[in-house]
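**Student:** Mind looking over this structure? Questions follow.
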Amino acid sequence: MTRVALSRLPGDRVLVVEDGAESVLAASELPSYVGVREPEAPRWVWDDTVRWYPSLLAAGVRVQRCHDLRLGHHLLRRAPAVDAQLLQGAESAYWDRLGPSTPSDPALFSVDETAEHLRADLEDSRQLAAVAASSEATRLGLLLAAESAGALVAVEMTYAGLPWRSDVHERLLADLLGPRPPRGARPEKLEATVAEVRAAFDAPGLNPDSRPEMLAALRRAGLDVTDLRASTLRAHAHPGVVALLRYKQLAHLFQTNGWAWSDQWVSGGRFRPSYQPAGSTTGRWSSNGGGALSFPAQVRPAAMADDGWRLVVADVAQLEPRVLAGMSGDQALAKSARGADLYQGMVDDGAVASRNDAKLGLLGAMYGATSGESGRMVAGLTRRYPDAFGLVEEAARAGERGQVVRTLLGRGSPALGEAWERDPDDPPPDADSQARYRRAYGRFTRNFIVQGTGAEWALCWIADLRNRLWRLGGAGSLVDRPHLVFFLHDEVVIHTPADLADEVAAEATAAATTAAGLLFRDLAIDFPLTISTVRSYAEAGKPGAAVDS
DNA sequence: CACACATGCGCC
DNA sequence: AGGGCGCATGTGTG
């Protein structure tokens with residue numbers, strides 16, 4: 001496949017390198033240049049998708065495939081199967097240091113003038129050579145392609161935005177909090193809750209946001225608490241606790257997803273958060289603006305499709321347990337995974353008494369629970385599913401020995417010590433705390449292989465789905481046809497003309513099959529989706545939510 | 001004054 | 001003595 005490397009040059013020019021041939025364009029010519037090449041679908045190679053793609057999209061150019069060198073560099077540098085020496089060369093130290101940029105500030109990442117003008121073609125050659133020389137070239141190649149496709153999706157989703165009805169959002173806020181207050185003031189209903197809390201604890205002037213003040217007030221009232229978590233407070237029957245819990249809930253809504261949040265992240269009828277692919281060490285995405293990945297259920301009613309359009313919401317049932325079954329090749333767990341509910345499958349298989357036990361046991365195994373109900377379930381299930389439980393157990397032991405682990409497609413975990421930086425001023429840790437530290441790292445590596453491989457499955461899923469949605473056709477640009485508008489680890493939302501919703505749902509299912517095949521080949525693991533076609537995101541997943549049309 | 005950290009909550 | 005994140009506030013530090 002043709003690769004075309006794009007690098008920025010001083011003076012708003014772009015260096016284009018294809019098969020060793022160099023040419024120079026003015027930056028303003030780039031959209032038409034890319035647009036005209038795009039039907040042939042070369043792979044565009046660039047430093048960071050966020051630095052190139054938004055302006056192309058704004059000019060109406062949709063890119064089919066790319067290679068994101070920043071993501072690739074960080075991934076390959078830590079991949080156990082890659083000889084990191086092969087990534088060394090001209091400017092490689094800059095690539096090592098490149099941090100993420102954001103759509104609102106794409107230049108933020110540049111460390112100095114040189115980093116602004118890195119040669120994409122040189123780094124691309126090194127990455128290609130490093131992959132080719134690796135013992136896991138095929139898997140790493142797939143991972144790089146999926147990661148880069150994810151970077152395209154991330155920029156496209158910020159560009160398109162999640163359809164947002166500010167009137168619905170404001171009505172919701174007004175109902176719960178009262179009218180929008182002046183800057184710096186609490187809304188009426190929140191202030192009223194503060195008054196209730198003060199009265200209940202006989203503490204005029206109490207600031208419920210102050211931890212020391214609040215703890216003192218609770219103790220004076222005879223409540224023996226050392227923290228203010230909702231779960232702790234709920235255990236105490238005191239009239240003030242009810243008011244305090246309501247205050248905490250409303251205050252969180254006001255502060256996190258209230259008017260100020262809307263001012264900053266909603267524009268033109270769209271919620272446009274910023275996504276950061278591979279923002280977490282496991283390869284999961286994170287979000288560095290707008291809080292996309294902690295988008296609370298409370299405000300989802302405001303996410304509404306345009307008139308004549310629908311939201312197709314698809315999520316994978318028990319993604320990580322299924323991934324564990326696939327990567328461990330555990331036949332018994334794969335059998336329980338055959339169906340819509342893996343946990344129920346374990347019950348039907350006679351492995352556990354209840355669905356809840358199954359869930360506790362599996363989550364416990366993946367997170368490294370050692371005690372409580374969850375820890376107790378793990379022991380019994382280990383005998384039933386030795387390959388699956390053995391795999392995470394071995395990952396934990398490797399971590400405790402100080403070894404790095406890798407995902408199915410070859411992403412490496414950060415090393416012990418790299419995972420959590422130590423303060424050099426701290427006294428050297430004693431044997432006890434060293435052992436604790438190693439066990440904590442073991443829990444991390446245990447979870448890393450499953451969470452990381454789950455992220456890889458999801459990347460393959462959205463990458464294939466993105467292409468399928470484009471092929472579904474329709475005329476016009478990205479936002480005139482079915483397109484992804486939200487992604488949350490194991491769930492996607494597609495905004496689509498209503499008459500295409502059924503086809504979109506079918507493509508989401510087909511893409512899940514593709515992803516399963518890419519990762520697990522012949523080991524047919526089912527990844528059933530829960531799909532809803534709705535007007536409002538809040539209706540998704542509920543029985544009877546389907547829109548008749 | 002800016003900054004880092006702790007706490008608590010949201011999501012998976 | 002269960003993994004990964006982001007965000008807001010208050011508090012303590014330089």
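Naming works like this for the structure tokens: A, B, ... for the chains as they're shown, residue 1 at the start of each chain, ligands 1 onward in shown order.
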Extract, using only C-alpha atoms (C1' of nucleotides), all DNA, RNA and protein residues at most 6 Å from DG2 of chain C, discarding same-chain residues fewer than 4 positions from it, and format them as a list in words.

**Tutor:**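 Contacts, in chain order: Tyr367, Gly368 and Ala369 of chain A.
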
**Student:** I need the chosen residues saved as a short mmCIF file (atom, residue, chain, number, x, y, z; two decimals), in the first residue's frame, with N, CA and C atoms.

**Tutor:**
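Saved as selection_30.cif:
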data_model
loop_
_atom_site.label_atom_id
_atom_site.label_comp_id
_atom_site.auth_asym_id
_atom_site.auth_seq_id
_atom_site.Cartn_x
_atom_site.Cartn_y
_atom_site.Cartn_z
N TYR A 367 -9.28 -8.26 38.66
CA TYR A 367 -8.78 -7.13 39.44
C TYR A 367 -7.82 -7.58 40.55
N GLY A 368 -7.77 -8.87 40.83
CA GLY A 368 -6.88 -9.34 41.87
C GLY A 368 -7.46 -9.24 43.26
N ALA A 369 -8.75 -9.51 43.40
CA ALA A 369 -9.35 -9.52 44.73
C ALA A 369 -8.76 -10.65 45.55
#

**Student:** Extract, using only C-alpha atoms (C1' of nucleotides), all DNA, RNA and protein residues at most 7 Å from segment 4-11 of chain C, discarding same-chain residues fewer than 5 positions from it, and format them as a compact mmCIF listing (two decimals) with N, CA, C and O atoms, in the first residue's frame.

**Tutor:**
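Contents of out-v5.txt, freshly written:
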# COMPACT_ATOMS: atom_id res chain seq x y z
N SER A 210 -16.25 21.95 52.78
CA SER A 210 -15.02 21.83 53.57
C SER A 210 -15.01 20.54 54.35
O SER A 210 -15.85 20.29 55.21
N GLN A 255 -21.40 21.36 39.53
CA GLN A 255 -19.99 21.67 39.27
C GLN A 255 -19.45 20.97 38.04
O GLN A 255 -18.59 21.50 37.34
N THR A 256 -19.92 19.75 37.79
CA THR A 256 -19.29 18.94 36.74
C THR A 256 -20.02 18.98 35.41
O THR A 256 -19.39 18.96 34.36
N SER A 280 -4.55 6.07 28.37
CA SER A 280 -4.17 5.32 29.57
C SER A 280 -3.15 4.26 29.16
O SER A 280 -3.07 3.86 28.01
N SER A 286 -8.46 7.97 26.95
CA SER A 286 -8.89 8.83 28.04
C SER A 286 -9.48 10.08 27.39
O SER A 286 -9.57 10.15 26.17
N SER A 287 -9.89 11.00 28.20
CA SER A 287 -10.47 12.23 27.67
C SER A 287 -9.80 13.38 28.39
O SER A 287 -9.62 13.33 29.60
N GLY A 291 -14.75 15.68 29.79
CA GLY A 291 -15.11 14.52 30.58
C GLY A 291 -15.93 13.49 29.83
O GLY A 291 -16.87 12.91 30.37

**Student:** Could you go through segment 383-544 of chain A and tell me which residues DSSP, when run on the backbone, assigns to helix (DSSP H, G or I), listing them as an MDAnalysis selection string?

**Tutor:** chainID A and resid 383:384 386:400 431:472 478:480 498:520 537:539

**Student:** How far is it from atom CA of Asp522 of chain A to atom CA of Cys460 of chain A, in Å with one decimal?

**Tutor:**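 These two atoms are separated by 16.5 Å.
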
**Student:** Would you mind listing, for every residue of chain A within 12 Å of chain B, the two atoms forming the shortest contact and the distance between them in Å to one decimal, using only C-alpha atoms (C1' of nucleotides), sorted by chain and ascending residue number, as JSON lines?

**Tutor:**
{"residue": "A:Asp209", "atom": "CA", "partner": "B:DG8", "partner_atom": "C1'", "distance": 10.7}
{"residue": "A:Ser210", "atom": "CA", "partner": "B:DT7", "partner_atom": "C1'", "distance": 10.6}
{"residue": "A:Arg211", "atom": "CA", "partner": "B:DT7", "partner_atom": "C1'", "distance": 8.5}
{"residue": "A:Pro212", "atom": "CA", "partner": "B:DT7", "partner_atom": "C1'", "distance": 11.4}
{"residue": "A:Thr226", "atom": "CA", "partner": "B:DT7", "partner_atom": "C1'", "distance": 12.0}
{"residue": "A:Asp227", "atom": "CA", "partner": "B:DT7", "partner_atom": "C1'", "distance": 8.9}
{"residue": "A:Leu228", "atom": "CA", "partner": "B:DG8", "partner_atom": "C1'", "distance": 7.9}
{"residue": "A:Arg229", "atom": "CA", "partner": "B:DG8", "partner_atom": "C1'", "distance": 6.4}
{"residue": "A:Ala230", "atom": "CA", "partner": "B:DG8", "partner_atom": "C1'", "distance": 8.6}
{"residue": "A:Ser231", "atom": "CA", "partner": "B:DG8", "partner_atom": "C1'", "distance": 10.8}
{"residue": "A:Thr232", "atom": "CA", "partner": "B:DG8", "partner_atom": "C1'", "distance": 11.6}
{"residue": "A:Leu245", "atom": "CA", "partner": "B:DC9", "partner_atom": "C1'", "distance": 12.0}
{"residue": "A:Lys248", "atom": "CA", "partner": "B:DC9", "partner_atom": "C1'", "distance": 9.1}
{"residue": "A:Gln249", "atom": "CA", "partner": "B:DC9", "partner_atom": "C1'", "distance": 8.8}
{"residue": "A:Leu250", "atom": "CA", "partner": "B:DC9", "partner_atom": "C1'", "distance": 11.5}
{"residue": "A:Ala251", "atom": "CA", "partner": "B:DC9", "partner_atom": "C1'", "distance": 10.6}
{"residue": "A:His252", "atom": "CA", "partner": "B:DC9", "partner_atom": "C1'", "distance": 7.5}
{"residue": "A:Leu253", "atom": "CA", "partner": "B:DG10", "partner_atom": "C1'", "distance": 9.6}
{"residue": "A:Gln255", "atom": "CA", "partner": "B:DC9", "partner_atom": "C1'", "distance": 11.2}
{"residue": "A:Thr256", "atom": "CA", "partner": "B:DG10", "partner_atom": "C1'", "distance": 8.8}
{"residue": "A:Asn257", "atom": "CA", "partner": "B:DG10", "partner_atom": "C1'", "distance": 10.1}
{"residue": "A:Arg284", "atom": "CA", "partner": "B:DC12", "partner_atom": "C1'", "distance": 9.8}
{"residue": "A:Trp285", "atom": "CA", "partner": "B:DC12", "partner_atom": "C1'", "distance": 10.7}
{"residue": "A:Ser286", "atom": "CA", "partner": "B:DC11", "partner_atom": "C1'", "distance": 10.8}
{"residue": "A:Ser287", "atom": "CA", "partner": "B:DC11", "partner_atom": "C1'", "distance": 11.1}
{"residue": "A:Gly291", "atom": "CA", "partner": "B:DG10", "partner_atom": "C1'", "distance": 9.0}
{"residue": "A:Ala292", "atom": "CA", "partner": "B:DC11", "partner_atom": "C1'", "distance": 8.7}
{"residue": "A:Leu293", "atom": "CA", "partner": "B:DC11", "partner_atom": "C1'", "distance": 5.6}
{"residue": "A:Ser294", "atom": "CA", "partner": "B:DC11", "partner_atom": "C1'", "distance": 3.8}
{"residue": "A:Phe295", "atom": "CA", "partner": "B:DC11", "partner_atom": "C1'", "distance": 6.4}
{"residue": "A:Pro296", "atom": "CA", "partner": "B:DG10", "partner_atom": "C1'", "distance": 6.0}
{"residue": "A:Ala297", "atom": "CA", "partner": "B:DC11", "partner_atom": "C1'", "distance": 9.0}
{"residue": "A:Gln298", "atom": "CA", "partner": "B:DG10", "partner_atom": "C1'", "distance": 10.0}
{"residue": "A:Val299", "atom": "CA", "partner": "B:DG10", "partner_atom": "C1'", "distance": 11.4}
{"residue": "A:Asp315", "atom": "CA", "partner": "B:DC12", "partner_atom": "C1'", "distance": 11.3}
{"residue": "A:Val316", "atom": "CA", "partner": "B:DC12", "partner_atom": "C1'", "distance": 11.5}
{"residue": "A:Gln318", "atom": "CA", "partner": "B:DC12", "partner_atom": "C1'", "distance": 10.9}
{"residue": "A:Leu319", "atom": "CA", "partner": "B:DC12", "partner_atom": "C1'", "distance": 10.4}
{"residue": "A:Glu320", "atom": "CA", "partner": "B:DC12", "partner_atom": "C1'", "distance": 10.5}
{"residue": "A:Gln451", "atom": "CA", "partner": "B:DC12", "partner_atom": "C1'", "distance": 10.0}
{"residue": "A:Gly454", "atom": "CA", "partner": "B:DC12", "partner_atom": "C1'", "distance": 11.1}
{"residue": "A:Ala455", "atom": "CA", "partner": "B:DC12", "partner_atom": "C1'", "distance": 10.9}
{"residue": "A:Phe487", "atom": "CA", "partner": "B:DC12", "partner_atom": "C1'", "distance": 10.9}
{"residue": "A:Leu488", "atom": "CA", "partner": "B:DC12", "partner_atom": "C1'", "distance": 7.2}
{"residue": "A:His489", "atom": "CA", "partner": "B:DC12", "partner_atom": "C1'", "distance": 6.2}
{"residue": "A:Asp490", "atom": "CA", "partner": "B:DC12", "partner_atom": "C1'", "distance": 7.6}
{"residue": "A:Glu491", "atom": "CA", "partner": "B:DC12", "partner_atom": "C1'", "distance": 9.3}

**Student:** Rounded to one decimal in Å, what is the spacing between atom CA of His169 of chain A and atom CA of Met304 of chain A?

**Tutor:**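 Answer for the atom CA of His169 of chain A to atom CA of Met304 of chain A separation: 10.4 Å.
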
**Student:** According to DSSP computed on the backbone, where in segment 197-384 of chain A is there strand (DSSP E)? Give the residues as a list in words.

**Tutor:**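 Matching residues for strand (DSSP E) in segment 197-384 of chain A are Val266, Ser267, Arg270, Phe271, Tyr275, Gln276, Ser286, Ser287, Trp309, Arg310, Leu311, Val312, Val313, Ala314, Asp315 and Val316 of chain A.
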
**Student:** Go ahead and write the selection's residues with all heavy atoms as a CSV table (one decimal), in the first residue's frame.

**Tutor:**
chain,number,residue,atom,x,y,z
A,266,VAL,N,-20.3,22.6,24.9
A,266,VAL,CA,-21.4,22.5,24.0
A,266,VAL,C,-21.4,23.7,23.0
A,266,VAL,O,-21.3,24.8,23.5
A,266,VAL,CB,-22.7,22.3,24.7
A,266,VAL,CG1,-23.9,22.3,23.7
A,266,VAL,CG2,-22.8,21.1,25.6
A,267,SER,N,-21.5,23.4,21.7
A,267,SER,CA,-21.6,24.5,20.8
A,267,SER,C,-22.3,24.0,19.6
A,267,SER,O,-22.1,22.9,19.1
A,267,SER,CB,-20.2,25.0,20.4
A,267,SER,OG,-19.4,24.0,19.8
A,270,ARG,N,-24.1,20.7,19.7
A,270,ARG,CA,-23.2,19.5,19.8
A,270,ARG,C,-22.4,19.5,21.0
A,270,ARG,O,-21.8,20.6,21.3
A,270,ARG,CB,-22.3,19.3,18.5
A,270,ARG,CG,-23.1,19.1,17.2
A,270,ARG,CD,-23.7,17.7,17.1
A,270,ARG,NE,-24.3,17.4,15.9
A,270,ARG,CZ,-25.6,17.6,15.5
A,270,ARG,NH1,-26.4,18.2,16.4
A,270,ARG,NH2,-26.1,17.3,14.4
A,271,PHE,N,-22.3,18.4,21.7
A,271,PHE,CA,-21.3,18.2,22.8
A,271,PHE,C,-20.0,17.7,22.2
A,271,PHE,O,-20.0,16.7,21.5
A,271,PHE,CB,-21.9,17.3,23.8
A,271,PHE,CG,-20.9,16.8,24.9
A,271,PHE,CD1,-19.9,17.6,25.4
A,271,PHE,CD2,-20.9,15.4,25.2
A,271,PHE,CE1,-19.0,17.2,26.4
A,271,PHE,CE2,-20.0,15.0,26.2
A,271,PHE,CZ,-19.0,15.8,26.8
A,275,TYR,N,-11.0,13.6,22.9
A,275,TYR,CA,-10.6,12.2,23.2
A,275,TYR,C,-9.1,12.1,23.1
A,275,TYR,O,-8.5,12.7,22.2
A,275,TYR,CB,-11.3,11.2,22.3
A,275,TYR,CG,-12.8,11.2,22.4
A,275,TYR,CD1,-13.6,12.1,21.6
A,275,TYR,CD2,-13.5,10.4,23.3
A,275,TYR,CE1,-14.9,12.1,21.6
A,275,TYR,CE2,-14.9,10.4,23.3
A,275,TYR,CZ,-15.6,11.2,22.5
A,275,TYR,OH,-17.0,11.2,22.5
A,276,GLN,N,-8.6,11.2,23.9
A,276,GLN,CA,-7.1,10.9,23.7
A,276,GLN,C,-6.9,9.4,23.6
A,276,GLN,O,-6.9,8.7,24.6
A,276,GLN,CB,-6.4,11.5,24.9
A,276,GLN,CG,-4.9,11.6,24.7
A,276,GLN,CD,-4.2,12.1,25.9
A,276,GLN,OE1,-4.5,13.0,26.6
A,276,GLN,NE2,-3.2,11.3,26.3
A,286,SER,N,-8.5,8.0,27.0
A,286,SER,CA,-8.9,8.8,28.0
A,286,SER,C,-9.5,10.1,27.4
A,286,SER,O,-9.6,10.2,26.2
A,286,SER,CB,-7.7,9.2,29.0
A,286,SER,OG,-6.7,9.9,28.3
A,287,SER,N,-9.9,11.0,28.2
A,287,SER,CA,-10.5,12.2,27.7
A,287,SER,C,-9.8,13.4,28.4
A,287,SER,O,-9.6,13.3,29.6
A,287,SER,CB,-12.0,12.2,27.9
A,287,SER,OG,-12.5,13.5,27.8
A,309,TRP,N,-33.5,11.9,12.5
A,309,TRP,CA,-32.4,11.0,12.7
A,309,TRP,C,-32.6,10.2,14.0
A,309,TRP,O,-33.5,10.4,14.8
A,309,TRP,CB,-31.1,11.9,12.9
A,309,TRP,CG,-30.6,12.5,11.6
A,309,TRP,CD1,-31.3,13.3,10.8
A,309,TRP,CD2,-29.3,12.3,11.0
A,309,TRP,NE1,-30.6,13.7,9.7
A,309,TRP,CE2,-29.3,13.1,9.8
A,309,TRP,CE3,-28.2,11.7,11.4
A,309,TRP,CZ2,-28.2,13.2,9.0
A,309,TRP,CZ3,-27.1,11.7,10.5
A,309,TRP,CH2,-27.1,12.5,9.3
A,310,ARG,N,-31.7,9.2,14.2
A,310,ARG,CA,-31.8,8.4,15.4
A,310,ARG,C,-30.3,8.2,16.0
A,310,ARG,O,-29.4,8.4,15.2
A,310,ARG,CB,-32.3,7.0,15.1
A,310,ARG,CG,-33.8,7.0,14.7
A,310,ARG,CD,-34.7,7.3,15.8
A,310,ARG,NE,-36.1,7.2,15.3
A,310,ARG,CZ,-36.8,8.2,14.7
A,310,ARG,NH1,-36.2,9.4,14.6
A,310,ARG,NH2,-38.0,8.1,14.3
A,311,LEU,N,-30.3,7.8,17.2
A,311,LEU,CA,-29.1,7.4,17.8
A,311,LEU,C,-29.1,5.8,17.9
A,311,LEU,O,-30.1,5.3,18.4
A,311,LEU,CB,-28.9,7.9,19.2
A,311,LEU,CG,-28.8,9.4,19.4
A,311,LEU,CD1,-28.6,9.8,20.8
A,311,LEU,CD2,-27.6,10.0,18.6
A,312,VAL,N,-28.1,5.2,17.3
A,312,VAL,CA,-28.0,3.8,17.5
A,312,VAL,C,-26.9,3.5,18.5
A,312,VAL,O,-25.8,3.9,18.4
A,312,VAL,CB,-27.6,3.1,16.2
A,312,VAL,CG1,-27.3,1.6,16.4
A,312,VAL,CG2,-28.7,3.2,15.2
A,313,VAL,N,-27.3,3.0,19.7
A,313,VAL,CA,-26.4,2.8,20.8
A,313,VAL,C,-26.1,1.3,20.9
A,313,VAL,O,-27.0,0.5,21.0
A,313,VAL,CB,-27.0,3.3,22.1
A,313,VAL,CG1,-26.1,3.1,23.3
A,313,VAL,CG2,-27.5,4.7,22.0
A,314,ALA,N,-24.8,0.9,20.8
A,314,ALA,CA,-24.4,-0.5,20.8
A,314,ALA,C,-23.4,-0.7,21.9
A,314,ALA,O,-22.4,0.0,21.9
A,314,ALA,CB,-23.9,-0.9,19.5
A,315,ASP,N,-23.6,-1.6,22.8
A,315,ASP,CA,-22.6,-2.0,23.7
A,315,ASP,C,-22.3,-3.4,23.8
A,315,ASP,O,-23.2,-4.3,23.5
A,315,ASP,CB,-22.8,-1.3,25.1
A,315,ASP,CG,-23.9,-2.0,25.9
A,315,ASP,OD1,-25.1,-1.8,25.6
A,315,ASP,OD2,-23.6,-2.9,26.7
A,316,VAL,N,-21.1,-3.8,24.2
A,316,VAL,CA,-20.7,-5.2,24.2
A,316,VAL,C,-21.0,-5.7,25.6
A,316,VAL,O,-20.7,-5.1,26.6
A,316,VAL,CB,-19.2,-5.4,24.0
A,316,VAL,CG1,-18.9,-6.9,23.8
A,316,VAL,CG2,-18.8,-4.6,22.8

**Student:** Please measure the separation of atom CA of Leu519 of chain A and atom CA of Pro321 of chain A, giving the value in Å to one decimal.

**Tutor:**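 Atom-to-atom, atom CA of Leu519 of chain A to atom CA of Pro321 of chain A, that is 14.4 Å.
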
**Student:** List the spatial neighbours of Lys335 of chain A as a list in words - criterion: any atom at most 10 Å away, only C-alpha atoms (C1' of nucleotides), same-chain residues fewer than 5 positions off excluded.

**Tutor:**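 After dropping sequence-adjacent residues, the list is Ala325, Asp330, Leu342, Gly345, Met346, Asp349, Ala524, Ile525 and Asp526 of chain A.
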
**Student:** Include C-alpha atoms and write out the residues we just selected as a PDB file, in the first residue's frame.

**Tutor:**
ATOM      1  CA  ALA A 325     -11.781 -16.401  27.343  1.00  0.00           C
ATOM      2  CA  ASP A 330     -10.214 -21.435  27.827  1.00  0.00           C
ATOM      3  CA  LEU A 342     -21.720 -14.836  29.880  1.00  0.00           C
ATOM      4  CA  GLY A 345     -23.761 -19.039  30.897  1.00  0.00           C
ATOM      5  CA  MET A 346     -21.545 -19.831  33.865  1.00  0.00           C
ATOM      6  CA  ASP A 349     -22.768 -24.561  33.114  1.00  0.00           C
ATOM      7  CA  ALA A 524     -14.981 -18.480  17.805  1.00  0.00           C
ATOM      8  CA  ILE A 525     -15.687 -16.281  20.816  1.00  0.00           C
ATOM      9  CA  ASP A 526     -19.070 -14.576  20.740  1.00  0.00           C
TER      10      ASP A 526
END

**Student:** Restricting the calculation to only C-alpha atoms (C1' of nucleotides): of A:Leu69, A:Leu363, A:Leu142, A:Ile531, which residue gets closest to chain C?

**Tutor:**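 Looking at the shortest contact to chain C, the residue is A:Leu363.
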
**Student:** What lies within 9 Å of DG3 of chain C using only C-alpha atoms (C1' of nucleotides), ignoring chain neighbours under 4 positions off, as a PyMOL selection string?

**Tutor:** chain A and resi 366-368+443-448+451

**Student:** As number ranges by chain, please: the residues near segment 85-99 of chain A (cut-off 12 Å, only C-alpha atoms (C1' of nucleotides), same-chain neighbours under 4 positions excluded).

**Tutor:** A: 47-48, 50, 68-79, 81, 106-134, 276, 278-279

**Student:** If we count only C-alpha atoms (C1' of nucleotides) and set the cut-off at 7 Å, which residues sit around segment 511-515 of chain A, ignoring sequence neighbours fewer than 5 positions away in its own chain? Please answer as number ranges by chain.

**Tutor:** A: 457, 460-461, 464-465, 527

**Student:** Find the residues near segment 25-42 of chain A: any atom within 9 Å, counting only C-alpha atoms (C1' of nucleotides), skip ones fewer than 5 places away on the same chain, and give them as a PDB file with N, CA and C atoms, in the first residue's frame.

**Tutor:**
ATOM      1  N   MET A   1       0.841  -1.204   0.000  1.00  0.00           N
ATOM      2  CA  MET A   1       0.000   0.000   0.000  1.00  0.00           C
ATOM      3  C   MET A   1       0.872   1.248   0.000  1.00  0.00           C
ATOM      4  N   THR A   2       0.432   2.217  -0.742  1.00  0.00           N
ATOM      5  CA  THR A   2       1.174   3.480  -0.810  1.00  0.00           C
ATOM      6  C   THR A   2       1.144   4.189   0.539  1.00  0.00           C
ATOM      7  N   ARG A   3       2.307   4.668   0.939  1.00  0.00           N
ATOM      8  CA  ARG A   3       2.381   5.506   2.141  1.00  0.00           C
ATOM      9  C   ARG A   3       2.841   6.890   1.718  1.00  0.00           C
ATOM     10  N   VAL A   4       2.185   7.887   2.226  1.00  0.00           N
ATOM     11  CA  VAL A   4       2.586   9.262   1.928  1.00  0.00           C
ATOM     12  C   VAL A   4       2.854   9.965   3.252  1.00  0.00           C
ATOM     13  N   ARG A   8       5.603  19.010   8.581  1.00  0.00           N
ATOM     14  CA  ARG A   8       5.518  20.473   8.529  1.00  0.00           C
ATOM     15  C   ARG A   8       6.884  21.067   8.261  1.00  0.00           C
ATOM     16  N   GLY A  11       7.320  28.156   7.652  1.00  0.00           N
ATOM     17  CA  GLY A  11       6.659  29.004   6.672  1.00  0.00           C
ATOM     18  C   GLY A  11       5.404  28.383   6.103  1.00  0.00           C
ATOM     19  N   ASP A  12       4.670  27.618   6.952  1.00  0.00           N
ATOM     20  CA  ASP A  12       3.384  27.061   6.528  1.00  0.00           C
ATOM     21  C   ASP A  12       3.475  26.231   5.264  1.00  0.00           C
ATOM     22  N   ARG A  13       4.555  25.489   5.163  1.00  0.00           N
ATOM     23  CA  ARG A  13       4.674  24.588   4.023  1.00  0.00           C
ATOM     24  C   ARG A  13       4.676  23.148   4.523  1.00  0.00           C
ATOM     25  N   VAL A  14       4.401  22.232   3.621  1.00  0.00           N
ATOM     26  CA  VAL A  14       4.319  20.819   3.974  1.00  0.00           C
ATOM     27  C   VAL A  14       5.230  20.016   3.055  1.00  0.00           C
ATOM     28  N   LEU A  15       6.079  19.189   3.664  1.00  0.00           N
ATOM     29  CA  LEU A  15       6.933  18.292   2.890  1.00  0.00           C
ATOM     30  C   LEU A  15       6.185  16.984   2.664  1.00  0.00           C
ATOM     31  N   VAL A  16       6.077  16.585   1.418  1.00  0.00           N
ATOM     32  CA  VAL A  16       5.390  15.347   1.061  1.00  0.00           C
ATOM     33  C   VAL A  16       6.419  14.346   0.563  1.00  0.00           C
ATOM     34  N   SER A  55      -8.309  20.131  10.271  1.00  0.00           N
ATOM     35  CA  SER A  55      -8.425  21.109   9.179  1.00  0.00           C
ATOM     36  C   SER A  55      -8.852  20.422   7.884  1.00  0.00           C
ATOM     37  N   LEU A  56      -8.454  19.162   7.712  1.00  0.00           N
ATOM     38  CA  LEU A  56      -8.917  18.423   6.528  1.00  0.00           C
ATOM     39  C   LEU A  56     -10.423  18.209   6.601  1.00  0.00           C
ATOM     40  N   LEU A  57     -10.899  17.778   7.778  1.00  0.00           N
ATOM     41  CA  LEU A  57     -12.346  17.570   7.939  1.00  0.00           C
ATOM     42  C   LEU A  57     -13.111  18.868   7.718  1.00  0.00           C
ATOM     43  N   ALA A  59     -12.358  21.125   5.828  1.00  0.00           N
ATOM     44  CA  ALA A  59     -12.380  21.407   4.389  1.00  0.00           C
ATOM     45  C   ALA A  59     -13.178  20.352   3.631  1.00  0.00           C
ATOM     46  N   GLY A  60     -13.826  19.451   4.365  1.00  0.00           N
ATOM     47  CA  GLY A  60     -14.688  18.463   3.732  1.00  0.00           C
ATOM     48  C   GLY A  60     -13.965  17.214   3.265  1.00  0.00           C
ATOM     49  N   VAL A  61     -12.743  16.989   3.756  1.00  0.00           N
ATOM     50  CA  VAL A  61     -11.973  15.821   3.312  1.00  0.00           C
ATOM     51  C   VAL A  61     -11.952  14.758   4.405  1.00  0.00           C
ATOM     52  N   ARG A  62     -12.476  13.601   4.091  1.00  0.00           N
ATOM     53  CA  ARG A  62     -12.457  12.476   5.016  1.00  0.00           C
ATOM     54  C   ARG A  62     -11.323  11.545   4.605  1.00  0.00           C
ATOM     55  N   VAL A  63     -10.525  11.136   5.565  1.00  0.00           N
ATOM     56  CA  VAL A  63      -9.362  10.301   5.279  1.00  0.00           C
ATOM     57  C   VAL A  63      -9.697   8.850   5.571  1.00  0.00           C
ATOM     58  N   GLN A  64      -9.275   7.957   4.692  1.00  0.00           N
ATOM     59  CA  GLN A  64      -9.604   6.553   4.898  1.00  0.00           C
ATOM     60  C   GLN A  64      -8.658   5.866   5.881  1.00  0.00           C
ATOM     61  N   ARG A  65      -7.350   6.102   5.714  1.00  0.00           N
ATOM     62  CA  ARG A  65      -6.417   5.481   6.647  1.00  0.00           C
ATOM     63  C   ARG A  65      -5.200   6.349   6.871  1.00  0.00           C
ATOM     64  N   CYS A  66      -4.601   6.180   8.046  1.00  0.00           N
ATOM     65  CA  CYS A  66      -3.408   6.961   8.363  1.00  0.00           C
ATOM     66  C   CYS A  66      -2.478   6.138   9.239  1.00  0.00           C
TER      67      CYS A  66
END
